[in-house]
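Structure file my_file09.csv (CSV, C-alpha atoms) is printed below.
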chain,number,residue,atom,x,y,z
A,32,MET,CA,35.3,18.1,28.6
A,33,GLY,CA,32.6,20.6,29.2
A,34,PHE,CA,30.9,23.8,28.0
A,35,GLY,CA,31.5,26.9,30.0
A,36,ASP,CA,29.7,30.2,29.9
A,37,THR,CA,32.2,31.4,27.3
A,38,ASN,CA,31.4,28.5,25.0
A,39,ILE,CA,27.7,29.1,25.4
A,40,LYS,CA,28.2,32.8,24.6
A,41,ASN,CA,30.1,31.9,21.4
A,42,ILE,CA,27.4,29.6,20.2
A,43,ARG,CA,24.8,32.2,21.0
A,44,ASP,CA,26.6,34.8,19.0
A,45,THR,CA,26.9,32.5,15.9
A,46,HIS,CA,23.2,31.9,15.8
A,47,VAL,CA,21.4,33.0,12.6
A,48,GLU,CA,18.7,35.4,13.3
A,49,LYS,CA,16.1,33.6,11.1
A,50,ARG,CA,14.0,31.3,13.2
A,51,GLY,CA,14.7,28.2,11.0
A,52,GLY,CA,18.5,28.6,11.3
A,53,THR,CA,18.2,29.3,15.1
A,54,VAL,CA,16.0,26.2,15.7
A,55,SER,CA,18.4,24.0,13.6
A,56,LYS,CA,21.5,25.1,15.6
A,57,LEU,CA,19.6,24.8,18.9
A,58,ARG,CA,18.7,21.2,18.1
A,59,ILE,CA,22.4,20.4,17.3
A,60,PHE,CA,23.5,22.2,20.4
A,61,TRP,CA,21.0,20.2,22.5
A,62,TYR,CA,22.1,17.0,20.9
A,63,HIS,CA,25.7,17.5,21.9
A,64,LEU,CA,24.8,18.5,25.4
A,65,LYS,CA,22.7,15.3,25.8
A,66,ASN,CA,25.7,13.2,25.1
A,67,ILE,CA,27.9,15.0,27.7
A,68,SER,CA,27.2,13.9,31.3
A,69,GLY,CA,27.2,16.3,34.2
A,70,ILE,CA,26.5,19.4,32.2
A,71,GLN,CA,24.2,21.9,33.8
A,72,ILE,CA,22.4,24.2,31.3
A,73,PRO,CA,21.7,27.7,32.5
A,74,GLY,CA,17.9,28.1,33.1
A,75,ASN,CA,17.7,31.4,31.2
A,76,PHE,CA,19.7,30.2,28.1
A,77,PHE,CA,16.8,29.5,25.8
A,78,HIS,CA,14.7,32.4,27.2
A,79,TYR,CA,17.5,34.6,26.0
A,80,TYR,CA,16.3,34.0,22.5
A,81,GLY,CA,12.7,34.6,23.3
A,82,MET,CA,12.0,30.8,23.1
A,83,VAL,CA,11.0,28.1,25.4
A,84,TRP,CA,12.3,24.6,24.8
A,85,ASN,CA,10.4,21.7,26.2
A,86,GLY,CA,12.5,18.7,25.3
A,87,MET,CA,13.6,17.5,21.8
A,88,ASP,CA,10.3,17.5,20.0
A,89,ASP,CA,8.2,20.3,21.5
A,90,PHE,CA,8.9,23.9,20.6
A,91,GLN,CA,7.0,27.0,21.5
A,92,THR,CA,7.5,30.6,20.3
A,93,GLN,CA,6.6,33.7,22.1
A,94,SER,CA,6.2,35.9,19.0
A,95,GLY,CA,2.5,36.7,18.6
A,96,GLY,CA,1.5,34.5,21.5
A,97,ILE,CA,2.7,31.1,22.6
A,98,LYS,CA,1.7,28.4,20.2
A,99,LYS,CA,2.8,24.8,20.4
A,100,THR,CA,4.3,23.2,17.3
A,101,THR,CA,5.6,19.6,17.1
A,102,TRP,CA,8.8,19.4,15.1
A,103,LYS,CA,9.8,16.4,13.0
A,104,GLY,CA,12.9,18.1,11.5
A,105,PRO,CA,14.7,21.4,11.6
A,106,ILE,CA,12.6,22.9,8.8
A,107,GLY,CA,9.2,21.0,8.9
A,108,GLN,CA,6.1,20.4,11.0
A,109,SER,CA,4.3,17.2,11.7
A,110,GLU,CA,0.8,18.4,11.0
A,111,PHE,CA,-1.3,21.3,10.0
A,112,ILE,CA,-4.8,22.5,11.1
A,113,LEU,CA,-7.3,23.1,8.3
A,114,GLN,CA,-9.5,25.9,9.6
A,115,GLY,CA,-12.3,25.6,7.0
A,116,LEU,CA,-15.5,27.0,8.5
A,117,SER,CA,-14.8,26.1,12.1
A,118,GLU,CA,-16.6,29.2,13.2
A,119,TYR,CA,-19.8,28.0,11.6
A,120,PRO,CA,-20.4,24.5,12.8
A,121,ARG,CA,-24.0,24.3,11.5
A,122,ALA,CA,-22.8,25.4,8.0
A,123,GLU,CA,-20.3,22.6,8.1
A,124,LYS,CA,-23.0,20.0,8.7
A,125,PHE,CA,-25.0,21.4,5.7
A,126,LEU,CA,-21.8,21.4,3.6
A,127,PHE,CA,-21.1,17.8,4.6
A,128,VAL,CA,-24.4,16.6,3.1
A,129,THR,CA,-24.2,18.8,0.0
A,130,CYS,CA,-20.6,17.9,-0.8
A,131,LEU,CA,-21.3,14.2,-0.2
A,132,VAL,CA,-24.1,14.2,-2.7
A,133,MET,CA,-22.0,16.2,-5.2
A,134,TYR,CA,-19.1,13.8,-4.8
A,135,LEU,CA,-21.3,10.8,-5.4
A,136,VAL,CA,-22.7,12.5,-8.6
A,137,ILE,CA,-19.1,13.2,-9.7
A,138,LEU,CA,-18.1,9.5,-9.3
A,139,LEU,CA,-21.3,8.2,-10.9
A,140,GLY,CA,-21.4,10.7,-13.8
A,141,ASN,CA,-17.7,10.7,-14.7
A,142,GLY,CA,-17.3,6.9,-14.1
A,143,THR,CA,-20.3,6.2,-16.4
A,144,LEU,CA,-18.7,8.3,-19.2
A,145,ILE,CA,-15.4,6.5,-18.8
A,146,ILE,CA,-17.1,3.1,-19.0
A,147,LEU,CA,-19.2,4.2,-22.0
A,148,THR,CA,-16.1,5.4,-24.0
A,149,LEU,CA,-14.4,2.2,-23.3
A,150,LEU,CA,-17.2,-0.2,-24.1
A,151,ASP,CA,-19.1,1.4,-27.0
A,152,ALA,CA,-17.2,1.4,-30.4
A,153,ARG,CA,-19.2,4.4,-31.6
A,154,LEU,CA,-17.6,6.5,-28.9
A,155,HIS,CA,-14.0,5.6,-30.0
A,156,THR,CA,-13.4,9.0,-31.4
A,157,PRO,CA,-10.9,11.8,-30.5
A,158,MET,CA,-13.7,13.8,-28.8
A,159,TYR,CA,-14.7,11.0,-26.5
A,160,PHE,CA,-11.1,10.0,-25.9
A,161,PHE,CA,-10.3,13.4,-24.5
A,162,LEU,CA,-13.6,13.4,-22.7
A,163,GLY,CA,-12.6,10.2,-21.0
A,164,ASN,CA,-9.3,11.8,-19.9
A,165,LEU,CA,-11.3,14.8,-18.5
A,166,SER,CA,-13.6,12.5,-16.6
A,167,PHE,CA,-10.7,10.5,-15.2
A,168,LEU,CA,-9.0,13.7,-14.2
A,169,ASP,CA,-12.1,15.1,-12.4
A,170,ILE,CA,-12.4,11.9,-10.4
A,171,TRP,CA,-8.8,12.0,-9.2
A,172,TYR,CA,-8.9,15.7,-8.6
A,173,THR,CA,-12.0,15.6,-6.3
A,174,SER,CA,-10.9,12.4,-4.6
A,175,SER,CA,-7.7,14.0,-3.5
A,176,PHE,CA,-9.5,16.3,-1.1
A,177,ILE,CA,-13.2,15.7,-0.8
A,178,PRO,CA,-13.0,12.5,1.4
A,179,SER,CA,-10.7,14.1,4.0
A,180,MET,CA,-12.8,17.3,3.8
A,181,LEU,CA,-16.0,15.4,4.6
A,182,ILE,CA,-14.3,13.9,7.7
A,183,HIS,CA,-13.2,17.3,8.9
A,184,PHE,CA,-16.7,18.6,8.5
A,185,LEU,CA,-17.9,16.1,11.2
A,186,SER,CA,-14.8,16.2,13.5
A,187,GLU,CA,-13.6,18.7,16.0
A,188,LYS,CA,-9.9,17.9,15.3
A,189,LYS,CA,-9.3,19.2,11.8
A,190,THR,CA,-5.7,18.2,11.4
A,191,ILE,CA,-3.8,16.8,8.5
A,192,SER,CA,-0.3,15.4,8.6
A,193,PHE,CA,2.5,17.1,6.7
A,194,THR,CA,2.9,14.2,4.3
A,195,LYS,CA,-0.8,14.0,3.5
A,196,CYS,CA,-1.0,17.7,3.0
A,197,VAL,CA,1.9,17.7,0.5
A,198,VAL,CA,0.3,14.8,-1.4
A,199,GLN,CA,-3.1,16.4,-1.5
A,200,MET,CA,-1.6,19.7,-2.6
A,201,SER,CA,0.5,18.0,-5.3
A,202,VAL,CA,-2.3,15.8,-6.8
A,203,SER,CA,-4.9,18.6,-6.9
A,204,TYR,CA,-2.4,21.0,-8.5
A,205,THR,CA,-1.4,18.4,-11.1
A,206,MET,CA,-5.0,17.8,-12.0
A,207,GLY,CA,-5.9,21.5,-12.1
A,208,SER,CA,-2.9,22.3,-14.4
A,209,THR,CA,-3.7,19.3,-16.6
A,210,GLU,CA,-7.3,20.3,-17.0
A,211,CYS,CA,-6.4,23.7,-18.4
A,212,VAL,CA,-4.2,22.2,-21.1
A,213,LEU,CA,-6.7,19.5,-21.8
A,214,LEU,CA,-9.5,22.0,-22.5
A,215,ALA,CA,-7.2,23.7,-25.0
A,216,VAL,CA,-6.5,20.4,-26.7
A,217,MET,CA,-10.3,19.7,-26.9
A,218,ALA,CA,-10.8,23.2,-28.4
A,219,TYR,CA,-8.3,22.3,-31.1
A,220,ASP,CA,-10.2,19.0,-31.8
A,221,CYS,CA,-13.4,21.1,-32.3
A,222,TYR,CA,-11.5,23.5,-34.6
A,223,VAL,CA,-10.3,20.7,-36.8
A,224,ALA,CA,-13.8,19.0,-36.8
A,225,ILE,CA,-15.6,22.2,-38.0
A,226,CYS,CA,-12.9,24.0,-40.0
A,227,ASN,CA,-11.4,21.0,-41.8
A,228,PRO,CA,-14.0,18.2,-41.6
A,229,GLN,CA,-12.7,16.3,-44.7
A,230,ARG,CA,-9.2,15.8,-43.3
A,231,TYR,CA,-10.4,15.4,-39.7
A,232,PRO,CA,-9.9,11.6,-39.5
A,233,ILE,CA,-6.4,12.0,-41.0
A,234,ILE,CA,-5.3,14.9,-38.8
A,235,MET,CA,-6.8,13.6,-35.5
A,236,GLY,CA,-5.3,10.1,-35.8
A,237,LYS,CA,-4.8,7.8,-32.8
A,238,ALA,CA,-1.1,8.6,-32.5
A,239,LEU,CA,-1.7,12.4,-32.4
A,240,CYS,CA,-4.5,12.0,-29.8
A,241,ILE,CA,-2.2,10.0,-27.5
A,242,GLN,CA,0.6,12.6,-28.0
A,243,MET,CA,-1.8,15.5,-27.2
A,244,ALA,CA,-3.1,13.7,-24.1
A,245,ALA,CA,0.5,13.2,-23.0
A,246,LEU,CA,1.2,16.9,-23.7
A,247,SER,CA,-1.7,17.7,-21.3
A,248,TRP,CA,-0.6,15.4,-18.4
A,249,GLY,CA,3.2,15.8,-18.6
A,250,PRO,CA,3.6,19.5,-18.2
A,251,GLY,CA,0.9,19.6,-15.5
A,252,PHE,CA,2.8,17.0,-13.5
A,253,LEU,CA,6.1,18.8,-13.9
A,254,ASN,CA,4.6,22.1,-12.9
A,255,SER,CA,3.1,20.6,-9.7
A,256,LEU,CA,6.4,18.7,-8.9
A,257,THR,CA,8.4,21.9,-9.2
A,258,GLU,CA,6.2,24.0,-7.0
A,259,THR,CA,5.7,21.3,-4.5
A,260,VAL,CA,9.5,20.6,-4.1
A,261,LEU,CA,10.1,24.3,-3.6
A,262,ALA,CA,7.3,24.5,-1.1
A,263,ILE,CA,8.4,21.6,1.1
A,264,GLN,CA,11.9,23.0,1.4
A,265,LEU,CA,10.6,26.1,3.3
A,266,PRO,CA,11.1,26.3,7.0
A,267,PHE,CA,7.9,26.3,9.2
A,268,CYS,CA,8.6,27.6,12.7
A,269,GLY,CA,5.3,28.4,14.4
A,270,LYS,CA,2.1,28.9,12.5
A,271,ASN,CA,0.4,25.7,11.4
A,272,VAL,CA,-3.2,26.9,10.7
A,273,ILE,CA,-4.2,26.8,7.0
A,274,ASN,CA,-7.2,29.1,6.4
A,275,HIS,CA,-8.9,26.8,3.9
A,276,PHE,CA,-10.8,23.6,3.5
A,277,VAL,CA,-7.8,21.8,1.9
A,278,CYS,CA,-4.1,22.1,1.6
A,279,GLU,CA,-3.8,24.9,-1.1
A,280,ILE,CA,-0.3,25.7,-2.2
A,281,LEU,CA,-0.4,29.5,-1.7
A,282,ALA,CA,-1.9,29.2,1.8
A,283,PHE,CA,0.7,26.5,2.5
A,284,VAL,CA,3.7,28.6,1.6
A,285,LYS,CA,2.4,31.7,3.5
A,286,LEU,CA,3.0,29.8,6.7
A,287,ALA,CA,6.7,29.7,6.1
A,288,CYS,CA,8.9,31.8,8.4
A,289,THR,CA,11.2,33.0,5.6
A,290,ASP,CA,11.1,34.9,2.4
A,291,ILE,CA,8.7,33.3,-0.1
A,292,SER,CA,9.3,35.6,-3.1
A,293,LEU,CA,10.7,32.8,-5.3
A,294,ASN,CA,7.7,30.6,-4.5
A,295,ALA,CA,5.3,33.5,-5.3
A,296,ILE,CA,7.0,34.2,-8.6
A,297,ILE,CA,7.0,30.5,-9.6
A,298,ILE,CA,3.3,30.2,-8.7
A,299,MET,CA,2.5,33.3,-10.7
A,300,LEU,CA,4.4,32.1,-13.7
A,301,GLY,CA,2.6,28.7,-13.4
A,302,ASN,CA,-0.8,30.4,-13.3
A,303,ILE,CA,0.1,32.5,-16.4
A,304,ILE,CA,1.4,29.4,-18.4
A,305,PHE,CA,-1.3,27.0,-17.3
A,306,LEU,CA,-4.3,29.3,-17.0
A,307,PHE,CA,-4.1,32.1,-19.5
A,308,SER,CA,-2.0,30.5,-22.2
A,309,PRO,CA,-4.5,27.7,-22.8
A,310,LEU,CA,-7.3,30.3,-22.5
A,311,LEU,CA,-5.7,32.3,-25.3
A,312,LEU,CA,-5.4,29.2,-27.5
A,313,ILE,CA,-9.1,28.4,-26.8
A,314,CYS,CA,-10.2,31.9,-27.8
A,315,ILE,CA,-8.1,31.7,-31.0
A,316,SER,CA,-9.7,28.3,-31.9
A,317,TYR,CA,-13.2,29.6,-31.4
A,318,ILE,CA,-12.5,32.7,-33.4
A,319,PHE,CA,-11.7,30.5,-36.4
A,320,ILE,CA,-14.7,28.2,-35.6
A,321,LEU,CA,-17.1,31.2,-35.4
A,322,SER,CA,-15.8,32.6,-38.7
A,323,THR,CA,-16.3,29.2,-40.4
A,324,VAL,CA,-19.8,28.7,-39.0
A,325,LEU,CA,-20.9,32.2,-40.2
A,326,ARG,CA,-19.9,31.2,-43.7
A,327,ILE,CA,-22.3,28.2,-43.7
A,328,HIS,CA,-25.4,29.2,-45.6
A,329,SER,CA,-27.9,26.7,-44.3
A,330,ALA,CA,-29.4,27.1,-40.8
A,331,GLU,CA,-29.3,23.3,-40.4
A,332,GLY,CA,-25.6,23.3,-41.1
A,333,ARG,CA,-24.9,26.1,-38.6
A,334,LYS,CA,-27.0,24.3,-35.9
A,335,LYS,CA,-25.0,21.1,-36.5
A,336,ALA,CA,-21.7,22.9,-36.3
A,337,PHE,CA,-22.6,24.7,-33.1
A,338,SER,CA,-23.9,21.5,-31.5
A,339,THR,CA,-20.5,19.9,-32.1
A,340,CYS,CA,-18.7,22.3,-29.7
A,341,SER,CA,-21.5,23.7,-27.6
A,342,ALA,CA,-20.8,21.3,-24.7
A,343,HIS,CA,-17.1,22.1,-24.7
A,344,MET,CA,-17.8,25.8,-24.9
A,345,THR,CA,-20.1,25.5,-21.9
A,346,VAL,CA,-17.5,23.6,-19.8
A,347,VAL,CA,-14.9,26.3,-20.7
A,348,ILE,CA,-17.2,29.1,-19.7
A,349,VAL,CA,-18.0,27.4,-16.3
A,350,PHE,CA,-14.4,26.5,-15.6
A,351,TYR,CA,-12.7,29.8,-16.6
A,352,GLY,CA,-15.6,31.9,-15.5
A,353,THR,CA,-15.2,30.7,-11.9
A,354,ILE,CA,-11.5,31.1,-12.0
A,355,LEU,CA,-11.6,34.7,-13.4
A,356,PHE,CA,-14.3,35.6,-10.9
A,357,MET,CA,-12.0,34.4,-8.0
A,358,TYR,CA,-9.0,36.4,-9.4
A,359,MET,CA,-10.8,39.6,-10.4
A,360,LYS,CA,-13.4,40.1,-7.6
A,361,PRO,CA,-12.6,42.5,-4.8
A,362,LYS,CA,-11.1,40.9,-1.7
A,363,SER,CA,-13.9,40.1,0.7
A,364,LYS,CA,-13.7,41.0,4.4
A,365,ASP,CA,-15.4,37.7,5.1
A,366,SER,CA,-12.9,35.0,4.3
A,367,ALA,CA,-15.7,32.4,4.5
A,368,PHE,CA,-17.2,33.7,1.2
A,369,ASP,CA,-13.9,33.4,-0.6
A,370,LYS,CA,-13.5,29.8,0.7
A,371,LEU,CA,-17.0,28.9,-0.5
A,372,ILE,CA,-16.2,30.3,-4.0
A,373,ALA,CA,-13.1,28.1,-4.1
A,374,LEU,CA,-15.2,25.1,-3.0
A,375,PHE,CA,-17.6,25.8,-5.8
A,376,TYR,CA,-14.8,25.8,-8.3
A,377,GLY,CA,-13.3,22.6,-6.9
A,378,ILE,CA,-16.6,20.5,-6.7
A,379,VAL,CA,-19.3,22.0,-8.9
A,380,THR,CA,-17.3,22.2,-12.1
A,381,PRO,CA,-16.3,18.4,-12.1
A,382,MET,CA,-19.9,17.6,-11.3
A,383,LEU,CA,-21.3,19.6,-14.2
A,384,ASN,CA,-18.9,18.3,-16.8
A,385,PRO,CA,-20.5,14.9,-17.4
A,386,VAL,CA,-24.0,16.5,-17.2
A,387,ILE,CA,-23.1,19.1,-19.8
A,388,TYR,CA,-21.6,16.5,-22.2
A,389,SER,CA,-24.5,14.0,-21.9
A,390,LEU,CA,-27.5,16.2,-21.5
A,391,ARG,CA,-28.4,16.6,-25.2
A,392,ASN,CA,-25.9,14.2,-26.7
A,393,THR,CA,-27.7,11.5,-28.7
A,394,GLU,CA,-24.5,9.4,-29.0
A,395,VAL,CA,-24.2,9.2,-25.2
A,396,HIS,CA,-27.9,8.4,-24.8
A,397,GLY,CA,-27.6,5.6,-27.4
A,398,ALA,CA,-24.6,4.2,-25.7
A,399,VAL,CA,-26.4,4.2,-22.3
A,400,ARG,CA,-29.4,2.4,-23.8
A,401,LYS,CA,-27.1,-0.1,-25.5
A,402,LEU,CA,-25.2,-0.8,-22.2
A,403,MET,CA,-28.5,-1.2,-20.3
A,404,SER,CA,-29.9,-3.6,-22.9
A,405,ARG,CA,-27.0,-6.0,-22.3
A,406,HIS,CA,-28.0,-6.7,-18.7
A,407,TRP,CA,-30.8,-9.0,-17.8
A,408,PHE,CA,-32.4,-6.7,-15.2
A,409,TRP,CA,-33.2,-4.1,-18.0
A,410,ARG,CA,-34.8,-6.6,-20.3
A,411,LYS,CA,-38.6,-7.0,-20.3
Rendering of file as structure tokens:
Amino acid sequence: MGFGDTNIKNIRDTHVEKRGGTVSKLRIFWYHLKNISGIQIPGNFFHYYGMVWNGMDDFQTQSGGIKKTTWKGPIGQSEFILQGLSEYPRAEKFLFVTCLVMYLVILLGNGTLIILTLLDARLHTPMYFFLGNLSFLDIWYTSSFIPSMLIHFLSEKKTISFTKCVVQMSVSYTMGSTECVLLAVMAYDCYVAICNPQRYPIIMGKALCIQMAALSWGPGFLNSLTETVLAIQLPFCGKNVINHFVCEILAFVKLACTDISLNAIIIMLGNIIFLFSPLLLICISYIFILSTVLRIHSAEGRKKAFSTCSAHMTVVIVFYGTILFMYMKPKSKDSAFDKLIALFYGIVTPMLNPVIYSLRNTEVHGAVRKLMSRHWFWRK
């Protein structure tokens, strides 16, 4: 049994023009030929398709220059290159030190808030319950990409495996979606505390708080799962350079060698649902809060009401202000500036959250002093 020129021509004519389909069928064709002894493959066979085939695992494409890509399957790559600021090595050294310090502050600040909300009974309130969720979220969000990013800042080989890229993308997207909903939930907590203070303990009971926290985490996870599953099913045939510090989903799907209209629509819908819908609910909550505060006659009462939600309002302004700036600013010719703005959004906001909530918060200060007094090395 053998393959003649006629058989080869027939297989050639049945090839799908898309690169993903072509590669898949070429791999099947190569597999069958490997199991047939004595078959001589015409030297110009693969060149006929504008491709060069170097064994089973190495594939090169001549479109837009020859680039080597290692294949692990018919539609996937084994690794990606994170470009970051490779063209500015000195800037990367500076960013390494800066991001390392910020990451340590994130771990220390958010970790301290979580410990305080767990150990101090005075902080067992809905506000600090949601704040503990926010701190936990910020730790996981930053830990999904900062450690690997720090390594890449100091190394010449800035590669990340396909699996690690998908995990990083999925975790960071889950945390980002969840934080948007969680900020809306915290805005509702402020609304009830100011607009209906007498019934606040009844409305914001333990069961409702747990349900609202689950409402924040559940949809965020499902949104990330949906977009990640759609993204990893795309065929990747040549390009493997992600023009970012981390595996960001939009930069990831742009590397696919097929139509990504469905992915773009799903990402856009996700942004509308998880970015602007919570922002609308936050604005509505603060409209009611403002109208209630303006009806308070005493200056002391107004000050106390504003202090209740001033920290949350500041966090919302920083969080959404950065996002809206990224979306609405004109596209820069220098992509490095855009990447630095994204880095600011990803690191600075989680670092500021515990600072904002504890800066002028007497309850947090009291909990810190109480925790310190329990340890012998703080006693005189």
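Closest approach to Asp290 of chain A among A:Phe161, A:Phe267, A:Tyr172, A:Tyr119: A:Phe267, based on all atoms listed in the file.
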d(atom CA of Thr173 of chain A, atom CA of Lys188 of chain A) in Å: 21.8 Å
Atom pair atom CA of Lys270 of chain A / atom CA of Ala373 of chain A: separation (Å): 22.5 Å
Near-His183 of chain A list (10 Å; all atoms listed in the file; drop same-chain fewer than 3 positions) as JSON, numbers by chain: {"A": [113, 114, 115, 116, 117, 123, 127, 177, 178, 179, 180, 186, 187, 188, 189, 190, 191, 276, 277]}
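In this comparison, which uses all atoms listed in the file, the residue of A:Leu239, A:Ile280, A:Leu135, A:Ala152 approaching Thr205 of chain A most closely is A:Ile280.
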Pick out the closest residue to Leu306 of chain A from this set: A:Val128, A:Leu256, A:Cys340, A:Leu214. Count all atoms listed in the file. A:Leu214
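Each of A:Thr345, A:Asn302, A:Thr323, A:Asn384 was checked against Gly207 of chain A using all atoms listed in the file; the smallest atom-to-atom distance is that of A:Asn302.
Of the listed residues (A:Cys268, A:Met403, A:Val223, A:Val202), A:Val223 comes nearest to Phe319 of chain A; the distances count only C-alpha atoms.
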Residue nearest His396 of chain A - candidates A:Cys314, A:Arg153, A:Thr129, A:Ile354, atoms counted: only C-alpha atoms: A:Arg153
From (-21.6, 1.2, -27.7), in the file's coordinates, out to 8 Å: which residues are reached, counting all atoms listed in the file? Answer as an NGL selection string. :A and (147-148 or 150-154 or 397-399 or 401-402)
Could you give me, as a list in words, the residues that sit within 8 Å of (-4.0, 16.3, -14.8) in the file's coordinates, counting only C-alpha atoms? Leu168, Tyr172, Thr205, Met206, Gly207, Ser208, Thr209, Glu210, Ser247, Trp248, Gly251 and Phe252 of chain A
A straight line from atom CA of Lys124 of chain A to atom CA of Leu383 of chain A spans 23.0 Å
Just the residues within 10 Å of segment 236-238 of chain A, please, counting only C-alpha atoms, with nothing from its chain fewer than 3 positions along; format it as a ChimeraX atom specification. /A:155-157,160,231-233,241-243
Just want the 6 Å neighbourhood of segment 141-143 of chain A, counted on all atoms listed in the file, with same-chain residues fewer than 4 positions away dropped. Output as a ChimeraX atom specification. /A:137,166,385
